[in-house]
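Comments concern the structure below.
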Amino acid sequence: PIPCVPWQSQTSGQYQRRVHGICGLNGLGVEIAKNVILAGVKSVTLLDQQPTEMRDLSSQFYLTEADIGKPRAASCYARLRELNPYCQVELCSEKFSESLLTSGRFQVVCIVNVPVQDQVSINNVCRLNGIKFISAAALGVFGGLLRGLWKELRDKRSQWGKPKVGHCHQRHQR
């Protein structure tokens with residue numbers, strides 16, 4: 001058994017055998033990668049050729065000033081790899097593409113801060129290839145999450161009732 005998994009259930013064994021691809025290692029992306037690695041999945045592949053910028057240092061805690069100009073995934077790979085010896089952490093230098101998705105490497109793909117039109121096309125490729133899809137974005141104080149786990153959602157939606165949609169705001173009083 002893997003000691004890093006904080007729960008024991010039927011699904012934890014399935015989760016541990018999954019192979020994840022995480023594309024986009026900004027502050028949100030590296031937090032997702034860290035949590036997935038610590039959860040004890042089989043393997044995580046890091047994909048992000050974006051050069052590290054000074055502004056990345058304010059939210060991505062595995063980067064340093066020495067990493068500026070280097071690809072973000074390569075810069076934080078060694079530190080993420082140290083988190084869990086039971087999880088295989090890999091670095092992918094390929095550009096994130098449809099051919100990479102259809103290569104059969106991933107069971108779950110998580111993309112971070114990708115434009116909506118690209119989210120839709122990536123989600124469609126994932127759905128056609130049986131890959132679970134998650135898209136997340138952090139935009140200042142706002143954020144978003146899209147889970148493309150279509151079969152699981154379709155099977156459970158009758159239990160949930162009508163979806164609730166809304167927004168939050170704080171009212172300032174003087």
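Letters A, B, ... mark the chains of the structure tokens in the order given; residue numbers begin at 1 per chain; ligand numbers begin at 1, in order shown.
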
**Q.** Contacts of region 69-86 of chain A within 10 Å, only C-alpha atoms, excl. fewer than 6 positions in-chain, as an NGL selection string
**A.** :A and (1-4 or 16 or 22-26 or 30 or 33-35 or 37-54 or 56 or 60-63 or 92-93)

Q: Just list the residues in region 24-169 of chain A DSSP gives alpha helix (DSSP H) on the backbone, as a PyMOL selection string.
A: chain A and resi 27-39+72-81+98-101+116-128+150-160

Q) From the set A:Leu101, A:Val112, A:Leu145, A:Leu91, which residue has the shortest atom-to-atom contact distance to Arg127 (chain A), counting only C-alpha atoms? A)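 Of the candidates, the smallest distance to Arg127 (chain A) is held by A:Leu101.
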